[in-house]
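Undergrad: Can you keep this structure in mind? I'll have questions shortly.
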Amino acid sequence: MNEMPHLGNYLDELLTKKRVTKAELARAIGKSAVTVGGYIGEASLQTRIIWDISNAIGHDILGELSDILNINGQNNNLQAHSTKDEQIAALKMKVQDLEKEVAIYKGLLLQK
């Protein structure tokens with residue numbers, strides 16, 4: 001499992017990279033500079049705060065965090081928790097979809 005990044009440190013680095021001061025960010029999101037300074041010290045931030053900061057600085061923070069999380073590159077633990085019956089049902093639906101696709105291809109070949 002990936003370690004969650006310290007969002008305050010991440011935010012501080014992002015502001016430096018984008019050359020945005022804490023005072024500028026504070027004005028843009030309608031908070032005090034002290035409040036924004038407090039965000040820098042926090043390991044975790046509420047989604048609303050991240051959303052507002054993203055909009056203010058024009059940077060997709062949530063998307064970037066999603067890339068860091070990289071669920072698709074790892075074992076999906078949710079699938080491990082599904083029951084065998086759920087997995088069988090999902091596989092049966094996939095087989096039905098593939099059978100339909102094969103039938104379409106056969107029909108196209110017979111038309112030639």
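Residue numbers start at 1 in each chain; chains themselves are named A, B, ... in the order of the structure tokens; ligands are numbered from 1 in the order shown.
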With DSSP run on the backbone, what are the helix (DSSP H, G or I) residues within chain A? I'd like them as a PyMOL selection string.
TA: chain A and resi 7-18+22-29+33-41+47-57+61-69+71-73+77-81+84-111
Undergrad: As a VMD selection string, please: the residues near range 48-57 of chain A (cut-off 12 Å, only C-alpha atoms, same-chain neighbours under 5 positions excluded).
TA: chain A and resid 7 to 8 10 to 12 14 to 22 24 to 31 35 to 36 38 to 40 42 62 to 65
Undergrad: Mind writing the picked residues with C-alpha atoms as an mmCIF file, in the first residue's frame?
TA:
data_model
loop_
_atom_site.group_PDB
_atom_site.id
_atom_site.type_symbol
_atom_site.label_atom_id
_atom_site.label_comp_id
_atom_site.auth_asym_id
_atom_site.auth_seq_id
_atom_site.Cartn_x
_atom_site.Cartn_y
_atom_site.Cartn_z
ATOM 1 C CA LEU A 7 -0.465 17.115 2.218
ATOM 2 C CA GLY A 8 0.887 20.191 3.973
ATOM 3 C CA TYR A 10 2.951 18.697 -0.760
ATOM 4 C CA LEU A 11 1.048 21.996 -0.754
ATOM 5 C CA ASP A 12 4.137 23.938 0.327
ATOM 6 C CA LEU A 14 3.402 23.058 -4.998
ATOM 7 C CA LEU A 15 3.097 26.710 -4.004
ATOM 8 C CA THR A 16 6.860 27.138 -4.335
ATOM 9 C CA LYS A 17 6.838 25.471 -7.755
ATOM 10 C CA LYS A 18 3.933 27.626 -8.944
ATOM 11 C CA ARG A 19 5.451 30.747 -7.329
ATOM 12 C CA VAL A 20 2.322 31.458 -5.330
ATOM 13 C CA THR A 21 2.754 33.001 -1.886
ATOM 14 C CA LYS A 22 0.684 31.912 1.089
ATOM 15 C CA GLU A 24 -1.830 35.237 -2.457
ATOM 16 C CA LEU A 25 -3.415 31.839 -1.913
ATOM 17 C CA ALA A 26 -5.164 33.084 1.220
ATOM 18 C CA ARG A 27 -6.715 35.988 -0.692
ATOM 19 C CA ALA A 28 -7.751 33.694 -3.546
ATOM 20 C CA ILE A 29 -9.591 31.254 -1.270
ATOM 21 C CA GLY A 30 -10.935 33.844 1.160
ATOM 22 C CA LYS A 31 -8.914 32.676 4.173
ATOM 23 C CA THR A 35 -4.994 29.684 8.142
ATOM 24 C CA VAL A 36 -3.076 28.846 4.960
ATOM 25 C CA GLY A 38 -1.763 26.110 9.232
ATOM 26 C CA TYR A 39 -2.615 24.002 6.186
ATOM 27 C CA ILE A 40 1.123 23.656 5.497
ATOM 28 C CA GLU A 42 -1.236 19.487 8.422
ATOM 29 C CA LEU A 62 -6.845 15.574 -6.529
ATOM 30 C CA GLY A 63 -5.863 14.183 -9.930
ATOM 31 C CA GLU A 64 -2.196 14.320 -9.031
ATOM 32 C CA LEU A 65 -2.860 12.579 -5.714
#
Undergrad: When you draw a straight line from CA of Pro5 in chain A to CA of Ile68 in chain A, how long is it in Å?
TA: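 So the two atoms, CA of Pro5 in chain A and CA of Ile68 in chain A, lie 8.6 Å apart.
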Undergrad: How far is it from CA of Ala23 in chain A to CA of Gly37 in chain A, in Å with one decimal?
TA: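 About the pair CA of Ala23 in chain A and CA of Gly37 in chain A: they are 9.0 Å apart.
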